[in-house]
Structure formats: structure tokens, C-alpha cells
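entry.pdb (PDB, C-alpha atoms, pLDDT in the B column) appears below.
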```pdb
ATOM      1  CA  MET D   1      13.046 -13.988  12.873  1.00 50.00           C
ATOM      2  CA  LYS D   2      12.478 -16.970  10.558  1.00 54.00           C
ATOM      3  CA  ARG D   3       9.126 -15.512   9.521  1.00 56.00           C
ATOM      4  CA  LEU D   4      10.786 -12.175   8.817  1.00 52.00           C
ATOM      5  CA  ASN D   5      13.436 -13.850   6.669  1.00 55.00           C
ATOM      6  CA  ASP D   6      10.752 -15.763   4.779  1.00 61.00           C
ATOM      7  CA  MET D   7       8.970 -12.466   4.064  1.00 57.00           C
ATOM      8  CA  LEU D   8      12.191 -10.963   2.717  1.00 54.00           C
ATOM      9  CA  LYS D   9      12.581 -13.904   0.348  1.00 55.00           C
ATOM     10  CA  LYS D  10       9.008 -13.362  -0.821  1.00 58.00           C
ATOM     11  CA  LEU D  11       9.826  -9.732  -1.529  1.00 57.00           C
ATOM     12  CA  ALA D  12      12.640 -10.747  -3.832  1.00 51.00           C
ATOM     13  CA  ALA D  13      10.288 -13.099  -5.673  1.00 55.00           C
ATOM     14  CA  VAL D  14       7.643 -10.390  -5.914  1.00 56.00           C
ATOM     15  CA  LEU D  15      10.042  -7.990  -7.589  1.00 54.00           C
ATOM     16  CA  ALA D  16      11.388 -10.650  -9.942  1.00 48.00           C
ATOM     17  CA  LEU D  17       7.883 -11.418 -11.225  1.00 53.00           C
ATOM     18  CA  ALA D  18       6.184  -8.102 -10.644  1.00 58.00           C
ATOM     19  CA  LEU D  19       6.134  -6.380 -14.010  1.00 58.00           C
ATOM     20  CA  THR D  20       6.419  -9.361 -16.356  1.00 55.00           C
ATOM     21  CA  PRO D  21       2.904  -9.212 -17.884  1.00 56.00           C
ATOM     22  CA  MET D  22       2.942  -5.442 -18.207  1.00 56.00           C
ATOM     23  CA  LEU D  23       6.436  -5.147 -19.641  1.00 46.00           C
ATOM     24  CA  ALA D  24       6.175  -7.889 -22.252  1.00 47.00           C
ATOM     25  CA  HIS D  25       4.533  -5.761 -24.932  1.00 43.00           C
ATOM     26  CA  ALA D  26       6.513  -2.674 -24.041  1.00 40.00           C
ATOM     27  CA  GLN D  27       9.804  -4.510 -24.570  1.00 41.00           C
ATOM     28  CA  GLU D  28       8.675  -5.592 -28.015  1.00 42.00           C
ATOM     29  CA  ALA D  29       7.471  -2.139 -29.010  1.00 37.00           C
ATOM     30  CA  THR D  30      10.149   0.197 -27.695  1.00 38.00           C
ATOM     31  CA  PRO D  31      13.931   0.298 -28.130  1.00 40.00           C
ATOM     32  CA  SER D  32      16.242  -0.127 -25.172  1.00 41.00           C
ATOM     33  CA  PRO D  33      16.963   3.130 -23.352  1.00 47.00           C
ATOM     34  CA  SER D  34      20.442   4.574 -23.242  1.00 44.00           C
ATOM     35  CA  PRO D  35      22.504   3.312 -20.296  1.00 48.00           C
ATOM     36  CA  GLU D  36      22.501   6.639 -18.473  1.00 54.00           C
ATOM     37  CA  ALA D  37      22.213   6.534 -14.701  1.00 49.00           C
ATOM     38  CA  ALA D  38      18.611   7.132 -13.658  1.00 54.00           C
ATOM     39  CA  PRO D  39      17.932   9.441 -10.738  1.00 61.00           C
ATOM     40  CA  ALA D  40      17.046   7.721  -7.457  1.00 73.00           C
ATOM     41  CA  VAL D  41      13.329   7.256  -6.896  1.00 82.00           C
ATOM     42  CA  GLU D  42      12.084   8.842  -3.691  1.00 88.00           C
ATOM     43  CA  VAL D  43       9.193   7.013  -2.013  1.00 93.00           C
ATOM     44  CA  GLN D  44       6.638   9.039  -0.078  1.00 92.00           C
ATOM     45  CA  ASP D  45       4.370   7.680   2.635  1.00 95.00           C
ATOM     46  CA  PHE D  46       0.912   9.229   2.524  1.00 97.00           C
ATOM     47  CA  SER D  47      -0.752  10.563   5.668  1.00 98.00           C
ATOM     48  CA  LEU D  48      -4.022  12.014   6.926  1.00 98.00           C
ATOM     49  CA  GLY D  49      -4.783  14.322   9.828  1.00 98.00           C
ATOM     50  CA  ASP D  50      -2.933  16.881  11.890  1.00 98.00           C
ATOM     51  CA  PRO D  51       0.832  16.222  12.099  1.00 97.00           C
ATOM     52  CA  ALA D  52       0.737  17.892  15.533  1.00 97.00           C
ATOM     53  CA  ALA D  53      -1.775  15.354  16.903  1.00 98.00           C
ATOM     54  CA  LYS D  54      -0.738  13.668  20.125  1.00 97.00           C
ATOM     55  CA  VAL D  55      -1.292  10.190  18.725  1.00 98.00           C
ATOM     56  CA  LYS D  56       0.721   9.074  15.690  1.00 98.00           C
ATOM     57  CA  ILE D  57      -0.448   5.905  13.935  1.00 98.00           C
ATOM     58  CA  THR D  58       1.315   4.026  11.170  1.00 98.00           C
ATOM     59  CA  GLU D  59      -0.573   1.161   9.565  1.00 98.00           C
ATOM     60  CA  TYR D  60       1.262  -1.548   7.646  1.00 97.00           C
ATOM     61  CA  ALA D  61      -1.240  -3.208   5.318  1.00 97.00           C
ATOM     62  CA  SER D  62      -1.415  -5.098   2.043  1.00 96.00           C
ATOM     63  CA  PHE D  63      -4.018  -4.381  -0.599  1.00 97.00           C
ATOM     64  CA  THR D  64      -4.480  -8.153  -1.022  1.00 97.00           C
ATOM     65  CA  CYS D  65      -4.817  -8.911   2.710  1.00 96.00           C
ATOM     66  CA  PRO D  66      -8.412  -9.960   3.655  1.00 97.00           C
ATOM     67  CA  HIS D  67      -7.841  -8.969   7.301  1.00 96.00           C
ATOM     68  CA  CYS D  68      -6.801  -5.488   6.178  1.00 97.00           C
ATOM     69  CA  ALA D  69      -9.894  -5.212   3.989  1.00 97.00           C
ATOM     70  CA  ARG D  70     -12.128  -6.184   6.933  1.00 97.00           C
ATOM     71  CA  PHE D  71     -10.472  -3.551   9.119  1.00 96.00           C
ATOM     72  CA  HIS D  72     -11.137  -1.020   6.397  1.00 96.00           C
ATOM     73  CA  ASP D  73     -14.755  -2.122   6.017  1.00 95.00           C
ATOM     74  CA  THR D  74     -15.629  -2.345   9.718  1.00 96.00           C
ATOM     75  CA  VAL D  75     -13.382   0.133  11.543  1.00 97.00           C
ATOM     76  CA  TRP D  76     -11.784   2.683   9.212  1.00 97.00           C
ATOM     77  CA  GLU D  77     -14.661   5.010   8.327  1.00 97.00           C
ATOM     78  CA  GLU D  78     -15.818   5.549  11.914  1.00 98.00           C
ATOM     79  CA  PHE D  79     -12.269   5.808  13.209  1.00 98.00           C
ATOM     80  CA  LYS D  80     -11.335   8.383  10.589  1.00 98.00           C
ATOM     81  CA  LYS D  81     -14.403  10.473  11.403  1.00 98.00           C
ATOM     82  CA  ASN D  82     -13.870  10.388  15.182  1.00 98.00           C
ATOM     83  CA  TYR D  83     -10.090  10.560  15.460  1.00 98.00           C
ATOM     84  CA  ILE D  84      -8.381  11.717  12.271  1.00 98.00           C
ATOM     85  CA  ASP D  85     -10.873  14.310  11.064  1.00 98.00           C
ATOM     86  CA  THR D  86     -11.097  15.762  14.582  1.00 98.00           C
ATOM     87  CA  GLY D  87      -7.331  16.192  14.915  1.00 97.00           C
ATOM     88  CA  LYS D  88      -6.882  13.574  17.636  1.00 97.00           C
ATOM     89  CA  ALA D  89      -4.696  11.274  15.532  1.00 98.00           C
ATOM     90  CA  TYR D  90      -2.259  11.533  12.649  1.00 98.00           C
ATOM     91  CA  PHE D  91      -2.412   8.491  10.386  1.00 98.00           C
ATOM     92  CA  THR D  92       0.227   7.203   7.967  1.00 98.00           C
ATOM     93  CA  TYR D  93      -0.347   4.284   5.606  1.00 98.00           C
ATOM     94  CA  ARG D  94       2.569   2.044   4.655  1.00 97.00           C
ATOM     95  CA  GLU D  95       2.076  -0.508   1.913  1.00 96.00           C
ATOM     96  CA  VAL D  96       3.068  -4.142   2.342  1.00 94.00           C
ATOM     97  CA  TYR D  97       3.766  -6.315  -0.696  1.00 92.00           C
ATOM     98  CA  PHE D  98       3.152 -10.032  -0.148  1.00 88.00           C
ATOM     99  CA  ASP D  99       2.555 -10.611  -3.860  1.00 91.00           C
ATOM    100  CA  ARG D 100       2.752  -8.849  -7.185  1.00 91.00           C
ATOM    101  CA  TYR D 101      -0.950  -7.992  -7.191  1.00 94.00           C
ATOM    102  CA  GLY D 102      -0.444  -5.929  -4.046  1.00 95.00           C
ATOM    103  CA  LEU D 103       2.561  -4.182  -5.567  1.00 94.00           C
ATOM    104  CA  TRP D 104       0.668  -3.379  -8.770  1.00 95.00           C
ATOM    105  CA  ALA D 105      -2.239  -2.008  -6.744  1.00 97.00           C
ATOM    106  CA  ALA D 106       0.125   0.286  -4.876  1.00 96.00           C
ATOM    107  CA  MET D 107       1.717   1.521  -8.089  1.00 95.00           C
ATOM    108  CA  MET D 108      -1.708   2.291  -9.538  1.00 97.00           C
ATOM    109  CA  ALA D 109      -2.857   4.059  -6.347  1.00 97.00           C
ATOM    110  CA  ARG D 110       0.272   6.200  -6.241  1.00 97.00           C
ATOM    111  CA  CYS D 111      -0.216   7.102  -9.888  1.00 95.00           C
ATOM    112  CA  GLY D 112      -3.169   9.256  -8.849  1.00 93.00           C
ATOM    113  CA  GLY D 113      -1.001  11.439  -6.630  1.00 94.00           C
ATOM    114  CA  GLU D 114      -1.483  12.482  -3.038  1.00 94.00           C
ATOM    115  CA  MET D 115      -4.935  14.015  -3.542  1.00 93.00           C
ATOM    116  CA  ARG D 116      -6.425  10.826  -4.988  1.00 96.00           C
ATOM    117  CA  TYR D 117      -4.423   8.262  -3.026  1.00 97.00           C
ATOM    118  CA  PHE D 118      -6.698   7.546  -0.066  1.00 97.00           C
ATOM    119  CA  GLY D 119      -9.790   7.554  -2.266  1.00 97.00           C
ATOM    120  CA  ILE D 120      -8.173   4.843  -4.390  1.00 98.00           C
ATOM    121  CA  VAL D 121      -7.174   2.957  -1.230  1.00 98.00           C
ATOM    122  CA  ASP D 122     -10.854   2.966  -0.231  1.00 97.00           C
ATOM    123  CA  ILE D 123     -11.811   1.462  -3.594  1.00 98.00           C
ATOM    124  CA  LEU D 124      -9.051  -1.170  -3.504  1.00 98.00           C
ATOM    125  CA  PHE D 125     -10.122  -2.478  -0.109  1.00 98.00           C
ATOM    126  CA  SER D 126     -13.875  -2.300  -0.700  1.00 97.00           C
ATOM    127  CA  THR D 127     -13.567  -4.149  -4.045  1.00 98.00           C
ATOM    128  CA  GLN D 128     -10.651  -6.432  -3.131  1.00 98.00           C
ATOM    129  CA  THR D 129     -12.601  -9.627  -3.828  1.00 97.00           C
ATOM    130  CA  GLU D 130     -13.374  -8.357  -7.324  1.00 97.00           C
ATOM    131  CA  TRP D 131     -10.171  -6.865  -8.735  1.00 98.00           C
ATOM    132  CA  ALA D 132      -7.850  -9.454  -7.111  1.00 97.00           C
ATOM    133  CA  ALA D 133      -9.995 -12.539  -7.774  1.00 96.00           C
ATOM    134  CA  SER D 134      -8.415 -13.773 -11.000  1.00 96.00           C
ATOM    135  CA  GLU D 135      -5.399 -16.053 -11.223  1.00 94.00           C
ATOM    136  CA  ASP D 136      -4.603 -14.465 -14.583  1.00 94.00           C
ATOM    137  CA  PRO D 137      -2.244 -11.526 -13.954  1.00 93.00           C
ATOM    138  CA  ASN D 138      -3.338  -9.834 -17.172  1.00 93.00           C
ATOM    139  CA  VAL D 139      -6.932  -9.760 -15.931  1.00 95.00           C
ATOM    140  CA  THR D 140      -5.782  -8.266 -12.645  1.00 95.00           C
ATOM    141  CA  VAL D 141      -3.780  -5.565 -14.421  1.00 94.00           C
ATOM    142  CA  GLU D 142      -6.868  -4.638 -16.429  1.00 96.00           C
ATOM    143  CA  ASN D 143      -9.022  -4.616 -13.281  1.00 97.00           C
ATOM    144  CA  LEU D 144      -6.593  -2.204 -11.631  1.00 97.00           C
ATOM    145  CA  LYS D 145      -6.549   0.017 -14.687  1.00 96.00           C
ATOM    146  CA  LYS D 146     -10.355   0.140 -14.596  1.00 97.00           C
ATOM    147  CA  ILE D 147     -10.117   1.506 -11.053  1.00 98.00           C
ATOM    148  CA  GLY D 148      -7.583   4.061 -12.236  1.00 97.00           C
ATOM    149  CA  ARG D 149      -9.839   5.123 -15.090  1.00 97.00           C
ATOM    150  CA  SER D 150     -12.779   5.470 -12.691  1.00 97.00           C
ATOM    151  CA  VAL D 151     -10.927   8.239 -10.829  1.00 96.00           C
ATOM    152  CA  GLY D 152      -9.865  10.113 -13.951  1.00 96.00           C
ATOM    153  CA  MET D 153      -6.565   8.591 -15.061  1.00 97.00           C
ATOM    154  CA  ASP D 154      -6.002   7.679 -18.705  1.00 96.00           C
ATOM    155  CA  ASP D 155      -4.296   4.587 -20.123  1.00 95.00           C
ATOM    156  CA  PRO D 156      -0.983   6.243 -21.089  1.00 95.00           C
ATOM    157  CA  THR D 157      -0.636   7.575 -17.532  1.00 96.00           C
ATOM    158  CA  LEU D 158      -1.522   4.221 -15.981  1.00 96.00           C
ATOM    159  CA  ASP D 159       0.789   2.306 -18.303  1.00 94.00           C
ATOM    160  CA  ALA D 160       3.709   4.598 -17.487  1.00 94.00           C
ATOM    161  CA  CYS D 161       3.148   4.207 -13.750  1.00 94.00           C
ATOM    162  CA  MET D 162       2.536   0.463 -13.724  1.00 92.00           C
ATOM    163  CA  LYS D 163       5.516  -0.363 -15.960  1.00 91.00           C
ATOM    164  CA  ASP D 164       7.981   1.688 -13.909  1.00 92.00           C
ATOM    165  CA  GLN D 165      10.606  -0.844 -12.814  1.00 90.00           C
ATOM    166  CA  ALA D 166      12.621   1.749 -10.881  1.00 91.00           C
ATOM    167  CA  GLN D 167       9.521   2.709  -8.916  1.00 92.00           C
ATOM    168  CA  ALA D 168       8.759  -0.951  -8.172  1.00 91.00           C
ATOM    169  CA  GLU D 169      12.282  -1.516  -6.872  1.00 90.00           C
ATOM    170  CA  ALA D 170      12.151   1.642  -4.753  1.00 93.00           C
ATOM    171  CA  LEU D 171       8.791   0.674  -3.239  1.00 93.00           C
ATOM    172  CA  VAL D 172       9.973  -2.793  -2.261  1.00 91.00           C
ATOM    173  CA  ALA D 173      13.210  -1.398  -0.799  1.00 92.00           C
ATOM    174  CA  HIS D 174      11.246   1.204   1.172  1.00 93.00           C
ATOM    175  CA  PHE D 175       8.890  -1.408   2.566  1.00 91.00           C
ATOM    176  CA  GLN D 176      11.756  -3.749   3.423  1.00 90.00           C
ATOM    177  CA  LYS D 177      13.479  -0.983   5.387  1.00 92.00           C
ATOM    178  CA  GLY D 178      10.328  -0.154   7.325  1.00 92.00           C
ATOM    179  CA  MET D 179       9.475  -3.797   7.920  1.00 90.00           C
ATOM    180  CA  GLU D 180      12.888  -4.508   9.417  1.00 91.00           C
ATOM    181  CA  ALA D 181      12.895  -1.324  11.516  1.00 93.00           C
ATOM    182  CA  ASP D 182       9.446  -1.963  13.010  1.00 94.00           C
ATOM    183  CA  GLY D 183       9.598  -5.767  13.146  1.00 93.00           C
ATOM    184  CA  ILE D 184       6.573  -6.282  10.918  1.00 92.00           C
ATOM    185  CA  GLU D 185       5.579  -9.951  10.577  1.00 90.00           C
ATOM    186  CA  GLY D 186       1.998  -9.738   9.359  1.00 92.00           C
ATOM    187  CA  THR D 187      -0.840  -7.436   8.420  1.00 95.00           C
ATOM    188  CA  PRO D 188      -2.517  -5.376   9.530  1.00 97.00           C
ATOM    189  CA  THR D 189       0.059  -4.075  12.012  1.00 97.00           C
ATOM    190  CA  PHE D 190      -0.244  -0.677  13.687  1.00 98.00           C
ATOM    191  CA  ILE D 191       2.535   1.347  15.275  1.00 98.00           C
ATOM    192  CA  ILE D 192       0.755   3.656  17.728  1.00 98.00           C
ATOM    193  CA  ASN D 193       3.056   6.174  19.415  1.00 98.00           C
ATOM    194  CA  GLY D 194       5.900   3.714  18.965  1.00 96.00           C
ATOM    195  CA  GLU D 195       4.073   0.631  20.278  1.00 97.00           C
ATOM    196  CA  LYS D 196       3.256  -2.253  17.959  1.00 97.00           C
ATOM    197  CA  HIS D 197      -0.235  -3.772  17.778  1.00 97.00           C
ATOM    198  CA  SER D 198      -0.939  -6.573  15.311  1.00 95.00           C
ATOM    199  CA  GLY D 199      -4.004  -8.261  13.908  1.00 93.00           C
ATOM    200  CA  GLU D 200      -7.653  -7.503  13.333  1.00 90.00           C
ATOM    201  CA  MET D 201      -9.448  -5.425  15.957  1.00 94.00           C
ATOM    202  CA  SER D 202     -12.934  -4.135  16.519  1.00 96.00           C
ATOM    203  CA  TYR D 203     -13.554  -0.402  16.468  1.00 97.00           C
ATOM    204  CA  GLU D 204     -13.936  -0.434  20.273  1.00 97.00           C
ATOM    205  CA  ASP D 205     -10.637  -2.227  20.851  1.00 97.00           C
ATOM    206  CA  PHE D 206      -8.751  -0.036  18.398  1.00 98.00           C
ATOM    207  CA  ALA D 207     -10.223   3.164  19.796  1.00 98.00           C
ATOM    208  CA  LYS D 208      -9.299   2.101  23.345  1.00 97.00           C
ATOM    209  CA  ILE D 209      -5.650   1.635  22.342  1.00 98.00           C
ATOM    210  CA  VAL D 210      -5.625   5.109  20.776  1.00 98.00           C
ATOM    211  CA  ASP D 211      -7.380   6.665  23.787  1.00 98.00           C
ATOM    212  CA  ASP D 212      -4.875   5.034  26.132  1.00 97.00           C
ATOM    213  CA  ALA D 213      -1.993   6.368  24.028  1.00 97.00           C
ATOM    214  CA  ALA D 214      -3.485   9.867  24.134  1.00 97.00           C
ATOM    215  CA  ALA D 215      -3.849   9.708  27.915  1.00 96.00           C
ATOM    216  CA  LYS D 216      -0.174   8.943  28.546  1.00 91.00           C
TER     217      LYS D 216
END
```
Structure encoded using C-alpha cells:
Amino acid sequence: MKRLNDMLKKLAAVLALALTPMLAHAQEATPSPSPEAAPAVEVQDFSLGDPAAKVKITEYASFTCPHCARFHDTVWEEFKKNYIDTGKAYFTYREVYFDRYGLWAAMMARCGGEMRYFGIVDILFSTQTEWAASEDPNVTVENLKKIGRSVGMDDPTLDACMKDQAQAEALVAHFQKGMEADGIEGTPTFIINGEKHSGEMSYEDFAKIVDDAAAK
């Protein structure tokens, strides 16, 4: 429970710092908006596979988590081919935000919409050591925008998405709700037919858990 509470405190810090570099110039250049109530932001989880599949998998992962990147590099492609693409499993990805870089990455990935989302996720994990390497947040923002441009987004679109404070707040609130409901304490964590499995796994170990779930 202490670890969970510590994570919640980190979330508050993430949101407090999240958009500072990106908003600085925007605040100088644009007038304050009228104080009208903004509509609530609805957060969508993105999924792959057949919703009717017997095995339902939810992965909690952070775009800045090295363990998550290794899972993606060593397990994901083969697992997707053998279980998701064949209709055996339905997979949902839920973003975890340990730091502002991870939150920015999620905002950029979501900017591409549902059709581009998982392709951008692939790029974020496979190039994690490149785009997230700098301690300068402005460099990281530019690195993320380069990824966005590489899949067809333009700068005005990326700027609008990555400066969206209401979206940032909604994403953190959505993650916090899921984290508390599923007792998430680290990444990657997988909820497989309601059972929690945490930590890095080989393809063989992960596939066995899914096969066992399908056999029940």
C-alpha cells in the first residue's frame, strides 16, 4: 500500500510539471481563454484482436519503462502473431505515467488516433533509448514530435495535442482509477482473465499463462 501511495504522489508531481516546457511559449503568444466550462475529456483505451476471444489481456506499461521495452522487443511481435492475430486473445494497452516523458509520449501517440496508435507504440518502445535519453525536456519534446512527423502528423496537430492540459489531467485520472482498481504497483503488469501477473517474462512463460487461462 505504501508503494501505491508513493506512486499516487508521483502522479501529482507528473501533472504539475508535465506541460511546462510546451506551454511556456503558448502562454506568451496567446490570450487567456474565456472561463467557460470545458466539456469533460473522455479517455479511450486502445485494443487489438477479437473482443469475443476467450482470453482478455490488459497490459499496464510505461513508455519510459526499460522492462516494458524489453517485453516489447523480445515477446510482443511473436505473441501478437500467434495469439492476437489468430483471435485467441484480446489485448488492451493501458498507459502508466511514472514521469512527464511517459505522459508526453502517450499524448503524442494518441494524437495519431486509433489507426496509428499501436504503430506509434511500436516506435516508442523500439527507440526508447533514443527519444527519452536527454535530461533536457525540450529535447525530448522535439524527439517525440519527430516520431509524430514520421507517421504523418504536422506540427500544428502535434502542438495542439501535446499542450492539451485537460487531456493530460484526464489521462492521469484515468490511469489512477485503473491503477487503484487493479492494484498496479509496477510495470509491466498484465491482467489476464482477471488474474494479475507482474514483471518481465519470456515468450514461453507468457504464452503458458495465456494457454492456461484459455484452458480453464
Applied to the shown file, which residues does the PyMOL selection byres ((chain D and resi 80) around 12) return, written as a PyMOL selection string?
-> chain D and resi 47-49+57+72-79+81-92+118+203+206-207
Give as a VMD selection string every residue, naming chains and numbers as the document does, that has an atom within 10 Å of (-2.9, -6.7, 9.5), counting all atoms listed in the file.
-> chain D and resid 59 to 62 65 to 71 96 184 to 190 197 to 201
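Counting all atoms listed in the file and comparing D:Ile192, D:Val41, D:Ala166, D:Ala105, the residue that lies closest to D:Leu144 is D:Ala105.
Among D:Leu103, D:Asp50, D:Thr58, D:Tyr97, the residue with the shortest atom-to-atom distance to D:Gln165, counting all atoms listed in the file, is D:Leu103.
Residues lying within 12 Å of D:Glu42, counting all atoms listed in the file and ignoring same-chain neighbours fewer than 6 positions away, are Ala166, Gln167, Ala168, Glu169, Ala170, Leu171, Val172, Ala173 and His174 of chain D.
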Can you list what the PyMOL selection byres ((chain D and resi 108) around 12) grabs from this structure, as a compact mmCIF listing (two decimals) with C-alpha atoms, in the coordinates of the input?
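See part.txt below for the written result:
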```
# COMPACT_ATOMS: atom_id res chain seq x y z
CA PHE D 63 -4.02 -4.38 -0.60
CA TYR D 101 -0.95 -7.99 -7.19
CA GLY D 102 -0.44 -5.93 -4.05
CA LEU D 103 2.56 -4.18 -5.57
CA TRP D 104 0.67 -3.38 -8.77
CA ALA D 105 -2.24 -2.01 -6.74
CA ALA D 106 0.12 0.29 -4.88
CA MET D 107 1.72 1.52 -8.09
CA ALA D 109 -2.86 4.06 -6.35
CA ARG D 110 0.27 6.20 -6.24
CA CYS D 111 -0.22 7.10 -9.89
CA GLY D 112 -3.17 9.26 -8.85
CA GLY D 113 -1.00 11.44 -6.63
CA ARG D 116 -6.42 10.83 -4.99
CA TYR D 117 -4.42 8.26 -3.03
CA PHE D 118 -6.70 7.55 -0.07
CA ILE D 120 -8.17 4.84 -4.39
CA VAL D 121 -7.17 2.96 -1.23
CA ILE D 123 -11.81 1.46 -3.59
CA LEU D 124 -9.05 -1.17 -3.50
CA THR D 140 -5.78 -8.27 -12.64
CA VAL D 141 -3.78 -5.56 -14.42
CA GLU D 142 -6.87 -4.64 -16.43
CA ASN D 143 -9.02 -4.62 -13.28
CA LEU D 144 -6.59 -2.20 -11.63
CA LYS D 145 -6.55 0.02 -14.69
CA LYS D 146 -10.36 0.14 -14.60
CA ILE D 147 -10.12 1.51 -11.05
CA GLY D 148 -7.58 4.06 -12.24
CA ARG D 149 -9.84 5.12 -15.09
CA SER D 150 -12.78 5.47 -12.69
CA VAL D 151 -10.93 8.24 -10.83
CA MET D 153 -6.56 8.59 -15.06
CA ASP D 154 -6.00 7.68 -18.70
CA ASP D 155 -4.30 4.59 -20.12
CA THR D 157 -0.64 7.58 -17.53
CA LEU D 158 -1.52 4.22 -15.98
CA ASP D 159 0.79 2.31 -18.30
CA ALA D 160 3.71 4.60 -17.49
CA CYS D 161 3.15 4.21 -13.75
CA MET D 162 2.54 0.46 -13.72
CA LYS D 163 5.52 -0.36 -15.96
CA ASP D 164 7.98 1.69 -13.91
CA GLN D 167 9.52 2.71 -8.92
CA ALA D 168 8.76 -0.95 -8.17
```
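Interatomic distance, atom CA of D:Glu195 to atom CA of D:Ala53: 16.2 Å.
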Between atom CA of D:Tyr93 and atom CA of D:Ser134, measure the distance and give it in Å to one decimal.
-> 25.8 Å
